[in-house]
$ cat query04.pdb   # PDB, C-alpha atoms
ATOM      1  CA  MET A  30     -17.504  32.585 -36.295
ATOM      2  CA  ILE A  31     -15.070  30.394 -38.284
ATOM      3  CA  ASP A  32     -12.496  33.196 -38.340
ATOM      4  CA  TYR A  33     -12.907  33.646 -34.582
ATOM      5  CA  LEU A  34     -12.443  29.926 -33.891
ATOM      6  CA  GLU A  35      -9.400  29.712 -36.162
ATOM      7  CA  ARG A  36      -7.712  32.583 -34.311
ATOM      8  CA  LEU A  37      -8.768  31.087 -30.985
ATOM      9  CA  PHE A  38      -7.236  27.712 -31.827
ATOM     10  CA  GLU A  39      -4.003  29.414 -32.899
ATOM     11  CA  ALA A  40      -3.679  31.440 -29.678
ATOM     12  CA  ARG A  41      -0.775  30.329 -27.496
ATOM     13  CA  SER A  42      -1.431  32.404 -24.392
ATOM     14  CA  ILE A  43      -4.322  33.570 -22.243
ATOM     15  CA  ASP A  44      -3.493  37.169 -23.179
ATOM     16  CA  GLU A  45      -3.926  36.377 -26.892
ATOM     17  CA  VAL A  46      -7.286  34.731 -26.255
ATOM     18  CA  TRP A  47      -8.470  37.619 -24.109
ATOM     19  CA  GLU A  48      -7.552  40.353 -26.607
ATOM     20  CA  LEU A  49      -9.350  38.455 -29.374
ATOM     21  CA  HIS A  50     -12.409  37.919 -27.199
ATOM     22  CA  LEU A  51     -12.604  41.555 -26.109
ATOM     23  CA  GLU A  52     -12.566  42.605 -29.752
ATOM     24  CA  ARG A  53     -15.343  40.223 -30.791
ATOM     25  CA  MET A  54     -17.650  40.856 -27.839
ATOM     26  CA  ALA A  55     -17.379  44.619 -28.392
ATOM     27  CA  GLY A  56     -18.884  43.965 -31.821
ATOM     28  CA  PHE A  57     -22.072  42.823 -30.087
ATOM     29  CA  GLY A  58     -22.168  45.872 -27.815
ATOM     30  CA  PHE A  59     -20.379  44.334 -24.806
ATOM     31  CA  ASP A  60     -17.274  46.471 -24.461
ATOM     32  CA  ARG A  61     -16.446  45.563 -20.833
ATOM     33  CA  LEU A  62     -15.928  41.999 -19.674
ATOM     34  CA  LEU A  63     -15.149  40.291 -16.378
ATOM     35  CA  TYR A  64     -14.165  36.609 -16.486
ATOM     36  CA  GLY A  65     -13.428  34.459 -13.453
ATOM     37  CA  LEU A  66     -12.171  30.860 -13.244
ATOM     38  CA  THR A  67     -11.467  29.071  -9.974
ATOM     39  CA  TYR A  68      -8.930  26.327  -9.395
ATOM     40  CA  GLU A  69     -10.030  24.038  -6.605
ATOM     41  CA  THR A  70      -7.180  22.156  -4.979
ATOM     42  CA  GLY A  71      -9.323  20.309  -2.455
ATOM     43  CA  ASP A  72      -7.596  21.640   0.634
ATOM     44  CA  ASP A  73     -10.076  24.396   1.478
ATOM     45  CA  ASN A  74     -13.654  25.324   0.794
ATOM     46  CA  HIS A  75     -12.743  28.975   0.355
ATOM     47  CA  VAL A  76     -11.114  29.833  -2.960
ATOM     48  CA  ALA A  77      -8.291  32.315  -2.434
ATOM     49  CA  PRO A  78      -7.706  35.073  -5.025
ATOM     50  CA  GLU A  79      -4.413  33.453  -6.043
ATOM     51  CA  ASP A  80      -6.394  30.326  -6.953
ATOM     52  CA  MET A  81      -8.471  32.239  -9.485
ATOM     53  CA  THR A  82      -7.877  33.485 -12.995
ATOM     54  CA  ILE A  83      -9.451  36.936 -13.311
ATOM     55  CA  LEU A  84      -9.531  38.647 -16.701
ATOM     56  CA  SER A  85     -11.109  42.037 -17.213
ATOM     57  CA  ASN A  86     -10.774  45.384 -18.938
ATOM     58  CA  LEU A  87     -12.637  47.129 -16.119
ATOM     59  CA  PRO A  88     -10.777  49.845 -14.154
ATOM     60  CA  ARG A  89      -8.295  48.627 -11.568
ATOM     61  CA  THR A  90     -10.037  50.739  -8.919
ATOM     62  CA  TYR A  91     -13.228  48.760  -9.503
ATOM     63  CA  LEU A  92     -11.488  45.374  -9.483
ATOM     64  CA  ASP A  93      -9.645  46.205  -6.257
ATOM     65  CA  ARG A  94     -13.008  46.690  -4.556
ATOM     66  CA  TYR A  95     -15.049  44.001  -6.302
ATOM     67  CA  ILE A  96     -12.417  41.245  -6.363
ATOM     68  CA  GLY A  97      -9.804  42.404  -3.868
ATOM     69  CA  ASP A  98     -12.344  43.077  -1.123
ATOM     70  CA  GLU A  99     -14.347  39.979  -2.133
ATOM     71  CA  LEU A 100     -17.549  41.912  -2.753
ATOM     72  CA  PHE A 101     -18.211  39.544  -5.661
ATOM     73  CA  LEU A 102     -19.207  36.909  -3.109
ATOM     74  CA  HIS A 103     -22.274  39.004  -2.306
ATOM     75  CA  ALA A 104     -23.250  39.983  -5.854
ATOM     76  CA  ARG A 105     -26.589  38.656  -7.064
ATOM     77  CA  MET A 106     -25.215  37.440 -10.402
ATOM     78  CA  SER A 107     -22.223  35.745  -8.760
ATOM     79  CA  ARG A 108     -24.564  33.767  -6.525
ATOM     80  CA  TRP A 109     -26.709  32.894  -9.520
ATOM     81  CA  ALA A 110     -23.645  31.730 -11.487
ATOM     82  CA  ALA A 111     -22.509  29.542  -8.574
ATOM     83  CA  ASP A 112     -25.769  27.568  -8.697
ATOM     84  CA  ASN A 113     -26.644  27.612 -12.396
ATOM     85  CA  THR A 114     -25.268  27.019 -15.870
ATOM     86  CA  GLY A 115     -26.130  29.041 -18.960
ATOM     87  CA  ALA A 116     -26.909  32.688 -19.697
ATOM     88  CA  MET A 117     -28.950  35.153 -17.653
ATOM     89  CA  SER A 118     -30.143  38.644 -18.545
ATOM     90  CA  TRP A 119     -29.454  41.141 -15.788
ATOM     91  CA  GLY A 120     -32.942  42.496 -16.320
ATOM     92  CA  LYS A 121     -34.496  39.108 -15.633
ATOM     93  CA  ALA A 122     -32.248  38.594 -12.637
ATOM     94  CA  GLU A 123     -33.753  41.684 -11.044
ATOM     95  CA  THR A 124     -37.078  39.846 -10.809
ATOM     96  CA  LEU A 125     -35.664  36.776  -9.049
ATOM     97  CA  HIS A 126     -35.702  38.195  -5.529
ATOM     98  CA  ASN A 127     -35.804  41.596  -3.901
ATOM     99  CA  ASP A 128     -34.335  40.994  -0.470
ATOM    100  CA  GLN A 129     -30.867  42.505  -0.169
ATOM    101  CA  CYS A 130     -28.293  42.302   2.566
ATOM    102  CA  PRO A 131     -26.116  45.351   3.312
ATOM    103  CA  LEU A 132     -23.182  43.897   1.351
ATOM    104  CA  GLU A 133     -25.364  43.291  -1.701
ATOM    105  CA  ARG A 134     -26.507  46.898  -1.530
ATOM    106  CA  GLU A 135     -22.840  47.889  -1.391
ATOM    107  CA  VAL A 136     -22.187  45.869  -4.551
ATOM    108  CA  ARG A 137     -25.081  47.528  -6.324
ATOM    109  CA  SER A 138     -23.851  50.965  -5.295
ATOM    110  CA  LEU A 139     -20.353  50.177  -6.533
ATOM    111  CA  ASN A 140     -21.666  48.882  -9.852
ATOM    112  CA  LYS A 141     -23.894  51.897 -10.307
ATOM    113  CA  SER A 142     -20.956  54.252  -9.749
ATOM    114  CA  TYR A 143     -19.100  52.540 -12.619
ATOM    115  CA  ARG A 144     -22.246  52.246 -14.781
ATOM    116  CA  ILE A 145     -22.200  48.470 -14.591
ATOM    117  CA  ASP A 146     -25.930  47.817 -14.689
ATOM    118  CA  VAL A 147     -26.808  46.478 -18.154
ATOM    119  CA  GLY A 148     -25.619  43.140 -19.472
ATOM    120  CA  TYR A 149     -25.620  39.356 -19.320
ATOM    121  CA  THR A 150     -23.850  36.755 -17.225
ATOM    122  CA  ILE A 151     -22.832  33.365 -18.600
ATOM    123  CA  SER A 152     -22.058  30.592 -16.129
ATOM    124  CA  PHE A 153     -19.986  27.728 -17.544
ATOM    125  CA  GLY A 154     -20.547  25.500 -14.549
ATOM    126  CA  ALA A 155     -17.865  23.210 -13.185
ATOM    127  CA  THR A 156     -15.132  22.012 -15.535
ATOM    128  CA  PRO A 157     -12.963  19.485 -13.644
ATOM    129  CA  PRO A 158     -10.174  19.578 -12.645
ATOM    130  CA  CYS A 159     -10.891  23.314 -12.397
ATOM    131  CA  GLY A 160     -13.704  24.731 -10.358
ATOM    132  CA  ARG A 161     -16.474  26.958 -11.682
ATOM    133  CA  ALA A 162     -16.209  29.744 -14.224
ATOM    134  CA  ALA A 163     -18.383  32.609 -15.398
ATOM    135  CA  ILE A 164     -18.194  35.791 -17.427
ATOM    136  CA  ALA A 165     -20.028  39.096 -17.118
ATOM    137  CA  LEU A 166     -20.748  40.805 -20.447
ATOM    138  CA  ILE A 167     -21.286  44.490 -19.698
ATOM    139  CA  ALA A 168     -23.043  46.619 -22.297
ATOM    140  CA  ARG A 169     -21.457  49.814 -23.519
ATOM    141  CA  GLU A 170     -22.756  53.038 -22.059
ATOM    142  CA  GLY A 171     -25.880  54.278 -23.792
ATOM    143  CA  LEU A 172     -27.486  50.861 -24.245
ATOM    144  CA  ASP A 173     -30.368  49.877 -21.989
ATOM    145  CA  GLN A 174     -31.323  46.341 -20.975
ATOM    146  CA  GLU A 175     -34.194  46.192 -23.459
ATOM    147  CA  ALA A 176     -31.830  46.914 -26.366
ATOM    148  CA  VAL A 177     -29.338  44.349 -25.101
ATOM    149  CA  ASP A 178     -32.078  41.727 -24.752
ATOM    150  CA  ILE A 179     -33.009  42.331 -28.392
ATOM    151  CA  VAL A 180     -29.388  41.773 -29.425
ATOM    152  CA  TRP A 181     -29.363  38.592 -27.355
ATOM    153  CA  GLY A 182     -32.546  37.401 -28.989
ATOM    154  CA  MET A 183     -30.871  37.732 -32.380
ATOM    155  CA  HIS A 184     -27.350  36.528 -31.547
ATOM    156  CA  GLY A 185     -27.522  34.923 -28.086
ATOM    157  CA  ARG A 186     -26.659  31.385 -29.185
ATOM    158  CA  LEU A 187     -23.663  32.637 -31.143
ATOM    159  CA  ILE A 188     -22.446  34.854 -28.289
ATOM    160  CA  GLU A 189     -22.810  32.061 -25.745
ATOM    161  CA  THR A 190     -21.000  29.575 -27.995
ATOM    162  CA  MET A 191     -18.115  31.992 -28.573
ATOM    163  CA  ASN A 192     -17.800  32.551 -24.843
ATOM    164  CA  ARG A 193     -17.831  28.824 -24.132
ATOM    165  CA  ALA A 194     -15.088  28.304 -26.717
ATOM    166  CA  ALA A 195     -12.984  31.082 -25.183
ATOM    167  CA  HIS A 196     -13.495  29.628 -21.702
ATOM    168  CA  LEU A 197     -12.388  26.151 -22.783
ATOM    169  CA  LYS A 198      -9.277  27.602 -24.430
ATOM    170  CA  ILE A 199      -8.404  29.727 -21.386
ATOM    171  CA  SER A 200      -8.850  26.784 -19.007
ATOM    172  CA  ALA A 201      -6.474  24.690 -21.154
ATOM    173  CA  LEU A 202      -3.654  27.268 -21.193
ATOM    174  CA  PRO A 203      -1.051  27.748 -18.444
ATOM    175  CA  ARG A 204      -1.478  30.629 -16.052
ATOM    176  CA  THR A 205       1.464  32.911 -16.725
ATOM    177  CA  ASP A 206       1.671  34.252 -13.162
ATOM    178  CA  ILE A 207       2.083  30.763 -11.699
ATOM    179  CA  GLY A 208       4.404  29.792 -14.539
ATOM    180  CA  ARG A 209       6.786  32.575 -13.540
ATOM    181  CA  LYS A 210       6.825  31.327  -9.950
ATOM    182  CA  LEU A 211       7.914  27.766 -10.661
ATOM    183  CA  THR A 212      11.421  27.181 -11.968
ATOM    184  CA  PRO A 213      12.047  24.534 -14.646
ATOM    185  CA  ARG A 214      13.644  22.325 -11.979
ATOM    186  CA  GLN A 215      10.622  22.642  -9.702
ATOM    187  CA  ARG A 216       8.254  21.753 -12.543
ATOM    188  CA  GLU A 217      10.411  18.787 -13.517
ATOM    189  CA  VAL A 218      10.489  17.464  -9.956
ATOM    190  CA  LEU A 219       6.707  17.813  -9.621
ATOM    191  CA  GLN A 220       6.225  16.114 -12.978
ATOM    192  CA  LEU A 221       8.294  13.125 -11.810
ATOM    193  CA  VAL A 222       6.411  12.996  -8.505
ATOM    194  CA  GLY A 223       3.207  12.882 -10.538
ATOM    195  CA  GLY A 224       4.615   9.930 -12.461
ATOM    196  CA  GLY A 225       5.023   7.997  -9.230
ATOM    197  CA  SER A 226       8.774   8.388  -8.732
ATOM    198  CA  THR A 227      10.282   8.467  -5.251
ATOM    199  CA  VAL A 228      12.724  11.139  -4.108
ATOM    200  CA  GLN A 229      15.574   8.660  -4.554
ATOM    201  CA  GLU A 230      14.452   7.815  -8.103
ATOM    202  CA  ILE A 231      14.059  11.491  -8.991
ATOM    203  CA  ALA A 232      17.533  12.272  -7.639
ATOM    204  CA  LEU A 233      19.021   9.517  -9.786
ATOM    205  CA  ALA A 234      17.102  10.557 -12.916
ATOM    206  CA  MET A 235      18.027  14.250 -12.556
ATOM    207  CA  GLY A 236      21.605  13.741 -11.323
ATOM    208  CA  LEU A 237      20.848  15.498  -8.051
ATOM    209  CA  SER A 238      21.125  14.600  -4.389
ATOM    210  CA  PRO A 239      17.950  13.612  -2.500
ATOM    211  CA  VAL A 240      18.436  16.710  -0.321
ATOM    212  CA  THR A 241      18.357  18.939  -3.421
ATOM    213  CA  VAL A 242      15.216  17.217  -4.693
ATOM    214  CA  GLU A 243      13.551  17.827  -1.338
ATOM    215  CA  LYS A 244      14.630  21.475  -1.554
ATOM    216  CA  HIS A 245      12.975  21.861  -4.971
ATOM    217  CA  LEU A 246       9.784  20.284  -3.624
ATOM    218  CA  ARG A 247       9.796  22.585  -0.592
ATOM    219  CA  LEU A 248      10.281  25.685  -2.766
ATOM    220  CA  ALA A 249       7.521  24.553  -5.124
ATOM    221  CA  ARG A 250       5.140  24.174  -2.159
ATOM    222  CA  GLU A 251       6.058  27.656  -0.932
ATOM    223  CA  GLN A 252       5.616  29.245  -4.355
ATOM    224  CA  LEU A 253       2.226  27.627  -4.839
ATOM    225  CA  GLY A 254       1.055  28.457  -1.330
ATOM    226  CA  VAL A 255       0.284  24.889  -0.242
ATOM    227  CA  GLU A 256       1.411  22.644   2.603
ATOM    228  CA  THR A 257       2.037  19.266   0.972
ATOM    229  CA  SER A 258       3.704  18.060  -2.202
ATOM    230  CA  ALA A 259       0.452  16.347  -3.205
ATOM    231  CA  GLN A 260      -1.344  19.707  -3.056
ATOM    232  CA  ALA A 261       1.470  21.342  -5.050
ATOM    233  CA  LEU A 262       1.200  18.598  -7.651
ATOM    234  CA  LEU A 263      -2.556  19.029  -7.982
ATOM    235  CA  LYS A 264      -2.378  22.822  -8.111
ATOM    236  CA  ALA A 265       0.333  22.828 -10.783
ATOM    237  CA  ALA A 266      -1.617  20.233 -12.774
ATOM    238  CA  VAL A 267      -4.984  21.990 -12.776
ATOM    239  CA  GLN A 268      -3.259  25.206 -13.837
ATOM    240  CA  ASN A 269      -1.628  23.375 -16.758
ATOM    241  CA  HIS A 270       2.012  23.723 -15.718
ATOM    242  CA  ILE A 271       2.589  19.994 -15.453
ATOM    243  CA  PHE A 272       0.661  17.121 -16.973
ATOM    244  CA  LEU A 273      -0.239  14.068 -14.971
ATOM    245  CA  PRO A 274      -0.322  10.598 -16.522
ATOM    246  CA  GLY A 275      -3.709   9.979 -18.081
ATOM    247  CA  LYS A 276      -4.724  13.633 -17.989
TER     248      LYS A 276
END
$ encode --input "query04.pdb" --output "structure tokens"
Amino acid sequence: MIDYLERLFEARSIDEVWELHLERMAGFGFDRLLYGLTYETGDDNHVAPEDMTILSNLPRTYLDRYIGDELFLHARMSRWAADNTGAMSWGKAETLHNDQCPLEREVRSLNKSYRIDVGYTISFGATPPCGRAAIALIAREGLDQEAVDIVWGMHGRLIETMNRAAHLKISALPRTDIGRKLTPRQREVLQLVGGGSTVQEIALAMGLSPVTVEKHLRLAREQLGVETSAQALLKAAVQNHIFLPGK
């Protein structure tokens, strides 16, 4: 555990954290993982895929269906994770309710085809300024739910703590895909806006014309997929690409 935390603290990117976490969870029999973290910008109740961090070593064909086609919205464990915090055995979840809508049956069929039917889900709840986050720990082929529950009974607290630590580290690191979208100038302009500077003050501080400052703000809004500079500021902040005063 100490070795894991030391390497986790030293990690400087989400990719480093993820590779370390995959390695350690496989040691407990969970060799396939699916992690999701939402970033809520307050402008819409529906979280778009680009406002999520999805990490997984599952096949791309599965993720295209489950995430790309938004089937996850109808998965039993996703709904459980949206309303609860903590860990849940998939075996126990089967006893919660039996009524299934057609889309839930589609999810179950998809999971069965990829042998995703034994495991645990950990919901981390809401972690402002981000939204909710959860991870699915999928047991390696050959293990049944009873065997996995025994492992959890022996090491569950440790596994859950390691996952919480990884989640906190991931949520504190910049998203590399968004980082590539924003130029240094765009980040600098947003940072100054967050500090309360006006366009005129930013232009003076950066040695630019007000028109150029407005151009950088417009491009930042376009890259982040939002309509206002305030939304761009919030989105860049919650994804750790700029840091607001007092954050």
$ closest_residue --input "query04.pdb" --among "A:Met81, A:Leu166, A:Ala116, A:Ile145" --to "A:Gly182" --atoms "only C-alpha atoms"
A:Ala116
$ atom_distance --input "query04.pdb" --atom1 "atom CA of A:Glu99" --atom2 "atom CA of A:Leu51"
24.1 Å
$ atom_distance --input "query04.pdb" --atom1 "atom CA of A:Cys130" --atom2 "atom CA of A:Ala111"
17.9 Å
$ closest_residue --input "query04.pdb" --among "A:Leu219, A:Leu237, A:Met191, A:Val147" --to "A:Gln260" --atoms "only C-alpha atoms"
A:Leu219
$ resolve_selection --input "query04.pdb" --expression "the PyMOL selection byres ((chain A and resi 253) around 8)" --output "NGL selection string"
:A and (207 or 210 or 249-252 or 254-255 or 261 or 264-265)
$ atom_distance --input "query04.pdb" --atom1 "atom CA of A:Ser118" --atom2 "atom CA of A:Ile164"
12.3 Å
$ residues_around --input "query04.pdb" --residues "A:Glu48" --least-positions-apart "6" --cutoff "12 Å" --atoms "all atoms listed in the file" --output "count of residues only"
15
$ closest_residue --input "query04.pdb" --among "A:Leu66, A:Val136, A:Gly56, A:Lys244" --to "A:Tyr95" --atoms "only C-alpha atoms"
A:Val136
$ axis_aligned_box --input "query04.pdb" --around "stretch 53-66 of chain A" --padding-each-side "6 Å" --output "lines of an AutoDock Vina configuration file"
center_x = -17.2
center_y = 38.7
center_z = -22.5
size_x = 22.0
size_y = 27.6
size_z = 30.6
$ residues_around --input "query04.pdb" --residues "A:Ala194" --least-positions-apart "3" --cutoff "12 Å" --atoms "all atoms listed in the file" --output "list of chain:residue names"
A:Met30, A:Ile31, A:Tyr33, A:Leu34, A:Glu35, A:Arg36, A:Leu37, A:Phe38, A:Val46, A:Trp47, A:Leu49, A:His50, A:Phe153, A:Leu187, A:Ile188, A:Glu189, A:Thr190, A:Met191, A:Leu197, A:Lys198, A:Ile199, A:Ser200, A:Ala201
$ closest_residue --input "query04.pdb" --among "A:Ala234, A:Leu139, A:Val240, A:Ile43" --to "A:Tyr91" --atoms "all atoms listed in the file"
A:Leu139
$ residues_around --input "query04.pdb" --residues "A:His245" --least-positions-apart "3" --cutoff "6 Å" --atoms "all atoms listed in the file" --output "list in words"
Gln215, Val242 and Leu248 of chain A
$ closest_residue --input "query04.pdb" --among "A:Glu256, A:Glu135, A:Asp178, A:Asp93" --to "A:Gly58" --atoms "all atoms listed in the file"
A:Asp178
$ resolve_selection --input "query04.pdb" --expression "the PyMOL selection byres ((chain A and resi 169) around 7)" --output "PyMOL selection string"
chain A and resi 58-60+167-168+170-172
$ resolve_selection --input "query04.pdb" --expression "the PyMOL selection byres ((chain A and resi 228) around 9)" --output "ChimeraX atom specification"
/A:218,222,226-227,229-233,239-240,242-243
$ residues_around --input "query04.pdb" --residues "A:Met117" --least-positions-apart "3" --cutoff "10 Å" --atoms "all atoms listed in the file" --output "compact mmCIF listing (two decimals) with C-alpha atoms, keeping the file's coordinate frame"
# COMPACT_ATOMS: atom_id res chain seq x y z
CA MET A 106 -25.22 37.44 -10.40
CA TRP A 109 -26.71 32.89 -9.52
CA ALA A 110 -23.64 31.73 -11.49
CA ASN A 113 -26.64 27.61 -12.40
CA THR A 114 -25.27 27.02 -15.87
CA GLY A 120 -32.94 42.50 -16.32
CA LYS A 121 -34.50 39.11 -15.63
CA ALA A 122 -32.25 38.59 -12.64
CA GLY A 148 -25.62 43.14 -19.47
CA TYR A 149 -25.62 39.36 -19.32
CA THR A 150 -23.85 36.76 -17.23
CA ILE A 151 -22.83 33.36 -18.60
CA SER A 152 -22.06 30.59 -16.13
CA ALA A 165 -20.03 39.10 -17.12
$ closest_residue --input "query04.pdb" --among "A:Arg204, A:Met235, A:Glu52, A:Thr82" --to "A:Gln220" --atoms "all atoms listed in the file"
A:Met235
$ decode --input "query04.pdb" --residues "stretch 47-68 of chain A" --atoms "N, CA and C atoms" --output "PDB file, in the first residue's frame"
ATOM      1  N   TRP A  47      -3.100   5.730 -14.276  1.00  0.00           N
ATOM      2  CA  TRP A  47      -3.930   4.646 -14.780  1.00  0.00           C
ATOM      3  C   TRP A  47      -3.116   3.358 -14.959  1.00  0.00           C
ATOM      4  N   GLU A  48      -1.928   3.458 -15.521  1.00  0.00           N
ATOM      5  CA  GLU A  48      -1.095   2.268 -15.713  1.00  0.00           C
ATOM      6  C   GLU A  48      -0.749   1.627 -14.375  1.00  0.00           C
ATOM      7  N   LEU A  49      -0.426   2.451 -13.385  1.00  0.00           N
ATOM      8  CA  LEU A  49      -0.135   1.941 -12.044  1.00  0.00           C
ATOM      9  C   LEU A  49      -1.359   1.253 -11.457  1.00  0.00           C
ATOM     10  N   HIS A  50      -2.520   1.876 -11.626  1.00  0.00           N
ATOM     11  CA  HIS A  50      -3.734   1.332 -11.020  1.00  0.00           C
ATOM     12  C   HIS A  50      -4.156   0.024 -11.688  1.00  0.00           C
ATOM     13  N   LEU A  51      -4.037  -0.046 -12.999  1.00  0.00           N
ATOM     14  CA  LEU A  51      -4.336  -1.293 -13.702  1.00  0.00           C
ATOM     15  C   LEU A  51      -3.485  -2.435 -13.162  1.00  0.00           C
ATOM     16  N   GLU A  52      -2.212  -2.160 -12.975  1.00  0.00           N
ATOM     17  CA  GLU A  52      -1.279  -3.177 -12.485  1.00  0.00           C
ATOM     18  C   GLU A  52      -1.678  -3.670 -11.098  1.00  0.00           C
ATOM     19  N   ARG A  53      -2.007  -2.755 -10.207  1.00  0.00           N
ATOM     20  CA  ARG A  53      -2.331  -3.147  -8.830  1.00  0.00           C
ATOM     21  C   ARG A  53      -3.679  -3.838  -8.716  1.00  0.00           C
ATOM     22  N   MET A  54      -4.678  -3.382  -9.451  1.00  0.00           N
ATOM     23  CA  MET A  54      -5.987  -4.027  -9.374  1.00  0.00           C
ATOM     24  C   MET A  54      -5.946  -5.435  -9.968  1.00  0.00           C
ATOM     25  N   ALA A  55      -5.123  -5.646 -10.984  1.00  0.00           N
ATOM     26  CA  ALA A  55      -4.984  -6.985 -11.562  1.00  0.00           C
ATOM     27  C   ALA A  55      -4.475  -7.968 -10.517  1.00  0.00           C
ATOM     28  N   GLY A  56      -3.687  -7.475  -9.558  1.00  0.00           N
ATOM     29  CA  GLY A  56      -3.187  -8.319  -8.489  1.00  0.00           C
ATOM     30  C   GLY A  56      -4.285  -8.853  -7.580  1.00  0.00           C
ATOM     31  N   PHE A  57      -5.425  -8.196  -7.576  1.00  0.00           N
ATOM     32  CA  PHE A  57      -6.574  -8.658  -6.787  1.00  0.00           C
ATOM     33  C   PHE A  57      -7.566  -9.459  -7.638  1.00  0.00           C
ATOM     34  N   GLY A  58      -7.249  -9.654  -8.899  1.00  0.00           N
ATOM     35  CA  GLY A  58      -8.128 -10.417  -9.780  1.00  0.00           C
ATOM     36  C   GLY A  58      -9.007  -9.570 -10.675  1.00  0.00           C
ATOM     37  N   PHE A  59      -8.859  -8.235 -10.615  1.00  0.00           N
ATOM     38  CA  PHE A  59      -9.653  -7.339 -11.457  1.00  0.00           C
ATOM     39  C   PHE A  59      -8.752  -6.847 -12.593  1.00  0.00           C
ATOM     40  N   ASP A  60      -8.809  -7.526 -13.717  1.00  0.00           N
ATOM     41  CA  ASP A  60      -7.878  -7.204 -14.798  1.00  0.00           C
ATOM     42  C   ASP A  60      -8.479  -6.299 -15.869  1.00  0.00           C
ATOM     43  N   ARG A  61      -9.752  -5.909 -15.692  1.00  0.00           N
ATOM     44  CA  ARG A  61     -10.397  -4.961 -16.611  1.00  0.00           C
ATOM     45  C   ARG A  61     -11.102  -3.900 -15.776  1.00  0.00           C
ATOM     46  N   LEU A  62     -10.852  -2.656 -16.107  1.00  0.00           N
ATOM     47  CA  LEU A  62     -11.403  -1.546 -15.329  1.00  0.00           C
ATOM     48  C   LEU A  62     -12.081  -0.548 -16.261  1.00  0.00           C
ATOM     49  N   LEU A  63     -13.104   0.106 -15.728  1.00  0.00           N
ATOM     50  CA  LEU A  63     -13.771   1.197 -16.449  1.00  0.00           C
ATOM     51  C   LEU A  63     -14.061   2.303 -15.452  1.00  0.00           C
ATOM     52  N   TYR A  64     -13.378   3.432 -15.617  1.00  0.00           N
ATOM     53  CA  TYR A  64     -13.499   4.583 -14.716  1.00  0.00           C
ATOM     54  C   TYR A  64     -14.155   5.732 -15.460  1.00  0.00           C
ATOM     55  N   GLY A  65     -15.082   6.407 -14.806  1.00  0.00           N
ATOM     56  CA  GLY A  65     -15.726   7.570 -15.404  1.00  0.00           C
ATOM     57  C   GLY A  65     -15.824   8.715 -14.413  1.00  0.00           C
ATOM     58  N   LEU A  66     -15.468   9.919 -14.864  1.00  0.00           N
ATOM     59  CA  LEU A  66     -15.539  11.134 -14.048  1.00  0.00           C
ATOM     60  C   LEU A  66     -16.208  12.208 -14.879  1.00  0.00           C
ATOM     61  N   THR A  67     -17.257  12.826 -14.341  1.00  0.00           N
ATOM     62  CA  THR A  67     -17.939  13.893 -15.061  1.00  0.00           C
ATOM     63  C   THR A  67     -17.444  15.250 -14.593  1.00  0.00           C
ATOM     64  N   TYR A  68     -17.524  16.209 -15.498  1.00  0.00           N
ATOM     65  CA  TYR A  68     -17.205  17.600 -15.184  1.00  0.00           C
ATOM     66  C   TYR A  68     -18.457  18.412 -15.460  1.00  0.00           C
TER      67      TYR A  68
END
